[in-house]
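Here's run.cif, which has mmCIF, C-alpha atoms and all ligand atoms:
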data_structure
loop_
_atom_site.label_atom_id
_atom_site.label_comp_id
_atom_site.auth_asym_id
_atom_site.auth_seq_id
_atom_site.Cartn_x
_atom_site.Cartn_y
_atom_site.Cartn_z
CA MET A 126 0.00 0.00 0.00
CA THR A 127 1.15 3.51 -0.67
CA ALA A 128 0.33 6.32 1.74
CA ARG A 129 -2.46 8.85 1.22
CA ILE A 130 -0.87 12.24 0.60
CA ILE A 131 -2.31 15.00 2.78
CA ASP A 132 -2.64 18.04 0.52
CA GLY A 133 -1.83 20.96 2.83
CA LYS A 134 -2.03 23.46 0.00
CA ALA A 135 -5.64 22.56 -0.81
CA ILE A 136 -6.66 22.36 2.86
CA ALA A 137 -5.03 25.75 3.58
CA ALA A 138 -6.82 27.29 0.58
CA ALA A 139 -10.15 26.03 1.94
CA VAL A 140 -9.36 27.43 5.42
CA ARG A 141 -8.45 30.80 3.90
CA THR A 142 -11.63 30.93 1.79
CA ARG A 143 -13.77 30.19 4.87
CA LEU A 144 -11.87 32.84 6.81
CA ALA A 145 -12.31 35.47 4.07
CA GLU A 146 -16.07 34.81 4.18
CA ARG A 147 -16.07 35.29 7.97
CA VAL A 148 -14.05 38.51 7.68
CA ALA A 149 -16.41 39.84 4.99
CA GLY A 150 -19.29 39.41 7.47
CA LEU A 151 -17.62 41.48 10.21
CA SER A 152 -18.56 45.10 10.91
CA PHE A 153 -14.86 46.04 11.12
CA GLN A 154 -11.60 45.13 9.40
CA PRO A 155 -9.08 43.15 11.49
CA GLY A 156 -5.53 44.51 11.37
CA LEU A 157 -2.21 42.64 11.38
CA ALA A 158 1.22 44.23 11.83
CA VAL A 159 4.34 42.27 10.91
CA VAL A 160 7.72 43.58 12.06
CA LEU A 161 10.81 42.53 10.12
CA VAL A 162 14.25 43.48 11.43
CA GLY A 163 17.16 43.19 8.99
CA HIS A 164 17.46 41.48 5.64
CA ASP A 165 17.32 37.71 6.20
CA PRO A 166 16.22 36.53 2.72
CA ALA A 167 14.03 33.63 3.96
CA SER A 168 12.31 35.94 6.47
CA ALA A 169 11.68 38.52 3.73
CA ILE A 170 9.94 35.85 1.61
CA TYR A 171 7.79 34.66 4.55
CA VAL A 172 6.81 38.22 5.45
CA ARG A 173 5.75 39.01 1.87
CA SER A 174 3.57 35.88 1.73
CA LYS A 175 1.97 36.73 5.08
CA ASP A 176 1.20 40.26 3.87
CA ARG A 177 -0.32 39.01 0.61
CA ALA A 178 -2.41 36.27 2.27
CA ALA A 179 -3.72 38.66 4.95
CA ASN A 180 -4.85 41.24 2.43
CA ALA A 181 -6.48 38.53 0.28
CA ALA A 182 -8.49 37.44 3.35
CA GLY A 183 -9.69 41.02 3.96
CA ILE A 184 -7.28 41.70 6.84
CA ALA A 185 -5.50 45.08 6.80
CA ALA A 186 -1.84 44.02 6.85
CA GLN A 187 1.11 46.32 7.33
CA THR A 188 4.80 45.38 7.34
CA ILE A 189 7.22 47.48 9.35
CA ARG A 190 10.78 47.05 8.11
CA LEU A 191 13.56 48.06 10.50
CA PRO A 192 17.31 48.08 9.84
CA ALA A 193 19.48 45.18 11.06
CA ASP A 194 21.25 47.46 13.58
CA THR A 195 18.01 48.56 15.28
CA ALA A 196 18.54 48.79 19.06
CA GLU A 197 16.49 46.45 21.25
CA ALA A 198 14.91 49.45 23.00
CA ASP A 199 13.80 50.88 19.65
CA LEU A 200 12.24 47.58 18.58
CA ILE A 201 10.41 47.39 21.91
CA ALA A 202 9.21 50.99 21.43
CA CYS A 203 7.86 49.96 18.00
CA VAL A 204 6.03 47.00 19.56
CA THR A 205 4.62 49.25 22.30
CA GLY A 206 3.30 51.62 19.63
CA LEU A 207 1.51 48.70 17.95
CA ASN A 208 0.15 47.53 21.33
CA ASN A 209 -1.45 50.95 21.70
CA ASP A 210 -2.73 51.22 18.12
CA PRO A 211 -6.47 50.43 18.11
CA LEU A 212 -6.38 49.45 14.41
CA VAL A 213 -3.86 46.66 15.09
CA ASP A 214 -5.33 43.37 16.35
CA GLY A 215 -2.34 41.12 15.73
CA ILE A 216 1.41 41.70 16.10
CA LEU A 217 4.04 39.35 14.70
CA VAL A 218 7.77 40.02 15.08
CA GLN A 219 9.52 37.84 12.51
CA MET A 220 12.20 35.49 13.91
CA PRO A 221 15.12 35.11 13.95
CA LEU A 222 16.08 38.52 15.33
CA PRO A 223 19.66 39.86 15.00
CA PRO A 224 21.91 38.46 17.76
CA HIS A 225 22.23 41.76 19.68
CA ILE A 226 18.48 41.72 20.41
CA ARG A 227 17.08 39.52 23.21
CA THR A 228 14.22 37.63 21.60
CA GLN A 229 12.53 36.93 24.94
CA ALA A 230 12.52 40.62 25.90
CA VAL A 231 10.80 41.51 22.62
CA ILE A 232 8.23 38.72 22.90
CA ALA A 233 7.45 39.77 26.49
CA ALA A 234 6.76 43.32 25.25
CA ILE A 235 3.95 42.20 22.93
CA ASP A 236 0.43 42.63 24.34
CA PRO A 237 -0.68 38.99 24.97
CA ALA A 238 -4.09 39.90 23.52
CA LYS A 239 -2.38 40.76 20.19
CA ASP A 240 0.23 37.97 20.26
CA VAL A 241 -0.87 36.11 17.10
CA ASP A 242 2.30 33.95 17.22
CA GLY A 243 1.30 32.64 20.67
CA PHE A 244 4.89 33.09 21.89
CA HIS A 245 4.21 35.38 24.90
CA PRO A 246 4.73 33.59 28.26
CA MET A 247 1.08 34.27 29.12
CA ASN A 248 -0.12 32.42 26.00
CA VAL A 249 2.49 29.66 26.46
CA GLY A 250 1.15 29.20 30.01
CA ARG A 251 -2.47 29.13 28.89
CA LEU A 252 -1.66 26.35 26.42
CA ALA A 253 0.43 24.45 28.99
CA ASP A 254 -2.37 24.47 31.56
CA GLY A 255 -4.93 23.31 29.01
CA HIS A 256 -6.75 26.62 28.39
CA PRO A 257 -5.29 27.81 25.08
CA PHE A 258 -6.08 31.24 23.64
CA LEU A 259 -3.60 32.29 20.91
CA VAL A 260 -1.57 29.22 19.89
CA PRO A 261 1.63 29.09 17.74
CA CYS A 262 0.59 28.94 14.07
CA THR A 263 2.59 25.92 12.85
CA PRO A 264 1.42 23.41 15.50
CA LEU A 265 -2.10 24.81 15.18
CA GLY A 266 -1.83 24.19 11.43
CA VAL A 267 -0.76 20.60 12.09
CA MET A 268 -3.83 20.03 14.30
CA ARG A 269 -6.07 21.44 11.53
CA LEU A 270 -4.39 19.13 8.98
CA LEU A 271 -4.99 16.10 11.22
CA ALA A 272 -8.63 17.09 11.65
CA GLU A 273 -9.22 17.71 7.93
CA ALA A 274 -7.50 14.40 7.10
CA ASP A 275 -9.86 12.63 9.56
CA VAL A 276 -7.01 11.44 11.77
CA SER A 277 -8.28 10.53 15.20
CA THR A 278 -5.95 11.73 17.99
CA ALA A 279 -7.82 10.46 21.07
CA GLY A 280 -5.82 7.63 22.62
CA ALA A 281 -3.35 7.55 19.70
CA ARG A 282 0.39 7.15 20.34
CA ALA A 283 1.85 10.43 19.04
CA LEU A 284 5.57 11.18 18.77
CA VAL A 285 6.78 14.75 18.45
CA LEU A 286 10.29 14.88 17.12
CA GLY A 287 11.81 18.20 18.27
CA ARG A 288 11.31 20.42 21.33
CA SER A 289 11.56 23.98 20.00
CA PRO A 290 9.34 26.65 21.56
CA ILE A 291 7.91 27.46 18.10
CA VAL A 292 6.85 23.92 17.12
CA GLY A 293 7.77 20.88 19.28
CA ARG A 294 6.69 22.06 22.73
CA PRO A 295 3.36 23.66 21.74
CA MET A 296 2.72 20.70 19.40
CA ALA A 297 3.03 18.28 22.32
CA ALA A 298 0.67 20.42 24.43
CA LEU A 299 -1.95 20.55 21.64
CA LEU A 300 -1.80 16.80 21.04
CA LEU A 301 -2.15 16.20 24.77
CA ALA A 302 -5.18 18.52 24.85
CA ALA A 303 -6.57 16.39 22.00
CA ASP A 304 -6.20 13.26 24.20
CA ALA A 305 -3.21 11.70 22.39
CA THR A 306 -0.59 9.75 24.33
CA VAL A 307 2.35 12.03 23.66
CA THR A 308 6.10 11.36 23.59
CA VAL A 309 8.59 14.14 22.84
CA ALA A 310 11.85 12.96 21.28
CA HIS A 311 14.90 15.14 20.69
CA SER A 312 18.62 15.14 19.92
CA ARG A 313 19.45 13.30 23.19
CA THR A 314 16.77 10.60 22.78
CA ARG A 315 18.12 7.03 22.74
CA ASP A 316 16.84 4.54 20.16
CA LEU A 317 15.07 7.17 18.08
CA ALA A 318 14.16 4.66 15.36
CA VAL A 319 12.42 2.46 17.95
CA GLU A 320 10.47 5.45 19.34
CA CYS A 321 9.42 6.45 15.80
CA ARG A 322 8.30 2.93 14.90
CA ARG A 323 5.92 2.84 17.89
CA ALA A 324 4.18 6.06 16.83
CA GLU A 325 0.75 6.05 15.20
CA ILE A 326 1.12 9.78 14.57
CA LEU A 327 4.63 11.15 13.96
CA ILE A 328 5.29 14.89 13.82
CA ALA A 329 8.82 15.67 12.58
CA ALA A 330 10.13 19.13 13.48
CA VAL A 331 13.90 18.94 13.86
CA GLY A 332 15.24 20.81 10.82
CA ARG A 333 17.44 17.93 9.60
CA PRO A 334 16.98 16.99 5.95
CA GLU A 335 15.39 13.56 5.45
CA MET A 336 16.45 12.31 8.88
CA VAL A 337 13.42 10.04 9.38
CA LYS A 338 14.00 6.92 7.30
CA GLY A 339 11.50 4.55 5.69
CA ASP A 340 12.18 1.69 8.11
CA TRP A 341 11.49 4.00 11.11
CA ILE A 342 7.82 4.19 10.15
CA GLY A 343 5.18 2.00 11.77
CA THR A 344 2.63 0.35 9.48
CA ASP A 345 -0.06 2.86 8.47
CA ALA A 346 1.33 5.65 10.67
CA VAL A 347 0.33 9.25 9.93
CA ILE A 348 3.43 11.31 9.18
CA ILE A 349 3.38 15.11 9.42
CA ASP A 350 6.60 16.71 8.20
CA VAL A 351 7.18 20.23 9.54
CA GLY A 352 10.75 20.48 8.24
CA ILE A 353 11.71 22.74 5.36
CA ASN A 354 15.37 22.20 4.44
CA ARG A 355 17.27 23.22 1.34
CA THR A 356 19.77 20.64 0.09
CA ALA A 357 23.16 21.47 -1.47
CA ASP A 358 21.61 21.17 -4.95
CA GLY A 359 18.87 23.68 -4.06
CA LYS A 360 16.01 21.20 -3.58
CA LEU A 361 13.47 21.69 -0.76
CA VAL A 362 13.10 18.60 1.43
CA GLY A 363 11.47 17.88 4.77
CA ASP A 364 12.76 16.10 7.88
CA VAL A 365 11.30 12.86 6.50
CA ALA A 366 12.69 10.79 3.61
CA PHE A 367 9.38 11.08 1.76
CA ALA A 368 9.83 8.47 -1.02
CA GLU A 369 11.16 5.85 1.42
CA CYS A 370 8.27 6.39 3.84
CA LEU A 371 5.46 6.30 1.26
CA PRO A 372 5.14 2.48 1.18
CA HIS A 373 4.96 2.21 5.01
CA ALA A 374 2.83 5.17 6.10
CA GLY A 375 -0.96 5.39 6.07
CA ALA A 376 -0.86 9.12 5.29
CA ILE A 377 1.92 11.67 4.85
CA THR A 378 2.38 15.38 4.14
CA PRO A 379 4.65 16.47 1.29
CA VAL A 380 7.32 19.21 1.44
CA PRO A 381 6.56 21.70 0.03
CA GLY A 382 2.76 21.79 0.03
CA GLY A 383 2.09 20.18 3.42
CA VAL A 384 2.40 22.05 6.71
CA GLY A 385 3.88 25.28 5.24
CA PRO A 386 0.66 26.69 3.74
CA MET A 387 -1.25 25.87 6.94
CA THR A 388 1.03 28.08 9.05
CA ILE A 389 -0.05 31.23 7.22
CA ALA A 390 -3.72 30.18 7.19
CA CYS A 391 -3.54 29.77 11.00
CA LEU A 392 -1.83 33.14 11.41
CA LEU A 393 -4.82 34.72 9.67
CA GLU A 394 -7.19 32.71 11.86
CA ASN A 395 -5.33 33.87 14.99
CA THR A 396 -5.61 37.48 13.81
CA VAL A 397 -9.40 37.13 13.55
CA THR A 398 -9.52 35.32 16.94
CA ALA A 399 -7.56 38.20 18.52
CA ALA A 400 -9.71 40.84 16.78
CA LEU A 401 -12.96 39.28 18.03
CA ALA A 402 -11.62 38.70 21.56
CA ARG A 403 -10.43 42.32 21.84
CA ARG A 404 -13.96 43.45 21.04
CA SER A 405 -15.43 40.75 23.33
CA LEU A 406 -17.33 39.27 20.36
N1 LIG B 501 10.23 32.34 12.01
C1 LIG B 501 10.00 31.05 11.66
N2 LIG B 501 8.77 30.66 12.05
C2 LIG B 501 8.20 31.72 12.65
C3 LIG B 501 6.93 31.94 13.25
O1 LIG B 501 6.05 31.07 13.31
N3 LIG B 501 6.73 33.19 13.75
C4 LIG B 501 7.67 34.16 13.71
N4 LIG B 501 7.38 35.34 14.26
N5 LIG B 501 8.86 33.98 13.16
C5 LIG B 501 9.11 32.78 12.64
#

Could I get this structure in the form of structure tokens?
Ligand code: GUN
Amino acid sequence: MTARIIDGKAIAAAVRTRLAERVAGLSFQPGLAVVLVGHDPASAIYVRSKDRAANAAGIAAQTIRLPADTAEADLIACVTGLNNDPLVDGILVQMPLPPHIRTQAVIAAIDPAKDVDGFHPMNVGRLADGHPFLVPCTPLGVMRLLAEADVSTAGARALVLGRSPIVGRPMAALLLAADATVTVAHSRTRDLAVECRRAEILIAAVGRPEMVKGDWIGTDAVIIDVGINRTADGKLVGDVAFAECLPHAGAITPVPGGVGPMTIACLLENTVTAALARRSL
């Protein structure tokens, strides 16, 4: 048997269409501000796609571009200005930030009610204690993909590969909230292949090209590949060796066209969630 391919691009397009219809029915226009510091080429591409997708959904998006040598205090002043701007419902500061800026200090300066990345300690805590409000976009996108692909999480053995604050940790919390039996594996995990083989749902988020091999996959497992890695010959690959895993898995996401498009769709959803919550709607 060959695995069903979960088409993240099509699912994200459907989510965005539904969202645009919801936005069109609102009596106000939600606003999203994206802050980009410096000239990281990958970040510049992401920020442009976010801007375009937000505007297409009827969200008023603005991008604030600051020079790479911006002082931390000036970036925090910019964030504070956005916190106080009534037309802004969502604030996203694109990561990574230049090394002279303390990422945690900037995240802590964002109003938790406008924190559409879900990175503020208040939102991290809400998710950790089982009462999520604004949740990081990539793991939220993975949960939406699982739901749309009719994957049942309750009681399932789920393995999260990676423990980053952006993906692995919130992913584990969301799966736990969805009643999965969750294991988090990472660079110090022993017998990684054995852990992977036991998983009915495997979420790979380690940033290592094609690290998960075909014979690590349990029969009919659902594989969600969060990785986006560029190989030496310029090809985009995930954290999973896709072709090798196809004959073993029950369902699998491709790279590109799997999780990536869902991240932006969920950012737009979070912006609308924040906009409605701020107005107590
Ligand atoms: N850089 C890579 N992923 C993300 C993300 O989800 N949010 C932000 N702000 N920066 C990122």

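From atom CA of A:Gly382 back to atom CA of A:Glu146, the distance works out to 23.3 Å.
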
Hey, what's within 7 Å of A:Thr308 if we count only C-alpha atoms and toss same-chain stuff fewer than 2 positions away? As an mmCIF file with C-alpha atoms, in the coordinates of the input, please?
data_model
loop_
_atom_site.group_PDB
_atom_site.id
_atom_site.type_symbol
_atom_site.label_atom_id
_atom_site.label_comp_id
_atom_site.auth_asym_id
_atom_site.auth_seq_id
_atom_site.Cartn_x
_atom_site.Cartn_y
_atom_site.Cartn_z
ATOM 1 C CA ALA A 283 1.850 10.430 19.040
ATOM 2 C CA LEU A 284 5.570 11.180 18.770
ATOM 3 C CA VAL A 285 6.780 14.750 18.450
ATOM 4 C CA THR A 306 -0.590 9.750 24.330
ATOM 5 C CA ALA A 310 11.850 12.960 21.280
#

- [ ] Considering all atoms listed in the file, return as a list in words whatever protein or nucleic-acid residues lie within 10 Å of A:Leu161, sequence-local ones (same chain, fewer than 6 positions apart) excluded.
- [x] Ser168, Ala169, Val172, Thr188, Ile189, Arg190, Leu191, Pro192, Ala193, Leu200, Leu217, Val218, Gln219, Met220, Pro221 and Leu222 of chain A

Save the residues we just selected, C-alpha atoms, as a CSV table (one decimal), keeping the file's coordinate frame?
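Done, and the output landed in result21.csv:
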chain,number,residue,atom,x,y,z
A,168,SER,CA,12.3,35.9,6.5
A,169,ALA,CA,11.7,38.5,3.7
A,172,VAL,CA,6.8,38.2,5.4
A,188,THR,CA,4.8,45.4,7.3
A,189,ILE,CA,7.2,47.5,9.4
A,190,ARG,CA,10.8,47.0,8.1
A,191,LEU,CA,13.6,48.1,10.5
A,192,PRO,CA,17.3,48.1,9.8
A,193,ALA,CA,19.5,45.2,11.1
A,200,LEU,CA,12.2,47.6,18.6
A,217,LEU,CA,4.0,39.4,14.7
A,218,VAL,CA,7.8,40.0,15.1
A,219,GLN,CA,9.5,37.8,12.5
A,220,MET,CA,12.2,35.5,13.9
A,221,PRO,CA,15.1,35.1,14.0
A,222,LEU,CA,16.1,38.5,15.3

Task: Selection within 10 Å of ligand LIG 501 (chain B) by all atoms listed in the file, output as a PyMOL selection string - done: chain A and resi 159-161+167-168+171-172+216-222+232+240-244+261-264+290-292+385+388-389+391-392

Task: Non-local contacts of A:Asp364 (8 Å; only C-alpha atoms; under 5 positions in same chain excluded) as a ChimeraX atom specification - done: /A:329-337,350-354

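With all atoms listed in the file taken into account, the protein and nucleic acid residues at most 10 Å from A:Pro257 (excluding it and anything under 2 positions from it in its own chain) are Gly243, Met247, Asn248, Val249, Gly250, Arg251, Leu252, Ala253, Asp254, Gly255, Leu259, Val260, Ala298, Leu299 and Ala302 of chain A.
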
Proximity of stretch 164-187 of chain A to stretch 154-157 of chain A: per-residue shortest pair, 9 Å limit, all atoms listed in the file, as a tab-separated table:
residue	atom	partner	partner_atom	distance
A:Asp176	CA	A:Leu157	CA	8.6
A:Ala179	CA	A:Leu157	CA	7.7
A:Gly183	CA	A:Gln154	CA	7.1
A:Ile184	CA	A:Pro155	CA	5.2
A:Ala185	CA	A:Gly156	CA	4.6
A:Ala186	CA	A:Leu157	CA	4.7
A:Gln187	CA	A:Leu157	CA	6.4

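Of the residues under consideration (A:Leu212, A:Ala400, A:Ala281, A:Ala390), A:Ala390 shows the shortest atom-to-atom contact distance to A:Leu144 when counting all atoms listed in the file.
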
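Distances here use all atoms listed in the file; by that measure, the residue among A:Ala234, A:Ile348, A:Leu286, A:Ala402 closest to A:Glu320 is A:Leu286.
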
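Atom CA of A:Ala324 is found 13.7 Å from atom CA of A:Lys338.
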
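Atom pair atom CA of A:Ser289 / atom CA of A:Lys175 has a distance of 21.8 Å (rounded to one decimal).
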
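Ranking A:His311, A:Arg282, A:Lys360, A:Arg404 by their shortest atom-to-atom distance to A:Arg294, with all atoms listed in the file included, puts A:His311 first.
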
Using all atoms listed in the file, list the residues that have an atom at most 9 Å from (8.6, 2.0, 15.7), coordinates as in the file, as a PDB file with C-alpha atoms, in the frame of the given file.
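Result file selection-v2.pdb:
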ATOM      1  CA  LEU A 317      15.070   7.170  18.080  1.00  0.00           C
ATOM      2  CA  ALA A 318      14.160   4.660  15.360  1.00  0.00           C
ATOM      3  CA  VAL A 319      12.420   2.460  17.950  1.00  0.00           C
ATOM      4  CA  GLU A 320      10.470   5.450  19.340  1.00  0.00           C
ATOM      5  CA  CYS A 321       9.420   6.450  15.800  1.00  0.00           C
ATOM      6  CA  ARG A 322       8.300   2.930  14.900  1.00  0.00           C
ATOM      7  CA  ARG A 323       5.920   2.840  17.890  1.00  0.00           C
ATOM      8  CA  ALA A 324       4.180   6.060  16.830  1.00  0.00           C
ATOM      9  CA  GLU A 325       0.750   6.050  15.200  1.00  0.00           C
ATOM     10  CA  ASP A 340      12.180   1.690   8.110  1.00  0.00           C
ATOM     11  CA  TRP A 341      11.490   4.000  11.110  1.00  0.00           C
ATOM     12  CA  ILE A 342       7.820   4.190  10.150  1.00  0.00           C
ATOM     13  CA  GLY A 343       5.180   2.000  11.770  1.00  0.00           C
ATOM     14  CA  THR A 344       2.630   0.350   9.480  1.00  0.00           C
TER      15      THR A 344
END

Task: Distance query 9 Å from (6.3, 43.6, 24.8) using only C-alpha atoms, result as a list in words - done: Ile201, Ala202, Val204, Thr205, Asn208, Ala230, Val231, Ile232, Ala233, Ala234, Ile235, Asp236, Pro237 and His245 of chain A

TODO: Name all residues at most 12 Å from A:Ala272 (count only C-alpha atoms; drop same-chain ones fewer than 5 positions away) and give them as a VMD selection string.
DONE: chain A and resid 131 133 136 265 to 267 277 to 279 300 303

Could I get stretch 126-140 of chain A rebuilt with N, CA, C and O atoms, written as a compact mmCIF listing (two decimals), in the frame of the given file?
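Saved the output as selection06.txt:
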# COMPACT_ATOMS: atom_id res chain seq x y z
N MET A 126 0.85 -1.22 0.00
CA MET A 126 0.00 0.00 0.00
C MET A 126 0.88 1.25 0.00
O MET A 126 1.91 1.30 0.64
N THR A 127 0.42 2.25 -0.72
CA THR A 127 1.15 3.51 -0.67
C THR A 127 0.31 4.53 0.11
O THR A 127 -0.91 4.46 0.12
N ALA A 128 1.01 5.41 0.80
CA ALA A 128 0.33 6.32 1.74
C ALA A 128 -0.57 7.32 1.00
O ALA A 128 -0.27 7.73 -0.12
N ARG A 129 -1.64 7.73 1.69
CA ARG A 129 -2.46 8.85 1.22
C ARG A 129 -1.63 10.13 1.43
O ARG A 129 -1.00 10.29 2.49
N ILE A 130 -1.62 10.99 0.44
CA ILE A 130 -0.87 12.24 0.60
C ILE A 130 -1.81 13.33 1.07
O ILE A 130 -2.86 13.57 0.45
N ILE A 131 -1.46 13.95 2.20
CA ILE A 131 -2.31 15.00 2.78
C ILE A 131 -1.95 16.32 2.09
O ILE A 131 -0.82 16.80 2.22
N ASP A 132 -2.90 16.86 1.36
CA ASP A 132 -2.64 18.04 0.52
C ASP A 132 -2.85 19.33 1.33
O ASP A 132 -3.94 19.90 1.37
N GLY A 133 -1.76 19.77 1.98
CA GLY A 133 -1.83 20.96 2.83
C GLY A 133 -2.18 22.21 2.06
O GLY A 133 -2.84 23.11 2.58
N LYS A 134 -1.76 22.26 0.80
CA LYS A 134 -2.03 23.46 0.00
C LYS A 134 -3.54 23.62 -0.22
O LYS A 134 -4.09 24.71 -0.04
N ALA A 135 -4.19 22.51 -0.56
CA ALA A 135 -5.64 22.56 -0.81
C ALA A 135 -6.40 22.82 0.49
O ALA A 135 -7.35 23.62 0.51
N ILE A 136 -5.97 22.18 1.58
CA ILE A 136 -6.66 22.36 2.86
C ILE A 136 -6.49 23.81 3.34
O ILE A 136 -7.44 24.44 3.79
N ALA A 137 -5.28 24.36 3.17
CA ALA A 137 -5.03 25.75 3.58
C ALA A 137 -5.88 26.70 2.74
O ALA A 137 -6.42 27.69 3.25
N ALA A 138 -6.01 26.42 1.45
CA ALA A 138 -6.82 27.29 0.58
C ALA A 138 -8.27 27.29 1.05
O ALA A 138 -8.92 28.35 1.09
N ALA A 139 -8.77 26.12 1.46
CA ALA A 139 -10.15 26.03 1.94
C ALA A 139 -10.31 26.82 3.25
O ALA A 139 -11.29 27.54 3.44
N VAL A 140 -9.32 26.70 4.15
CA VAL A 140 -9.36 27.43 5.42
C VAL A 140 -9.37 28.94 5.15
O VAL A 140 -10.14 29.70 5.74
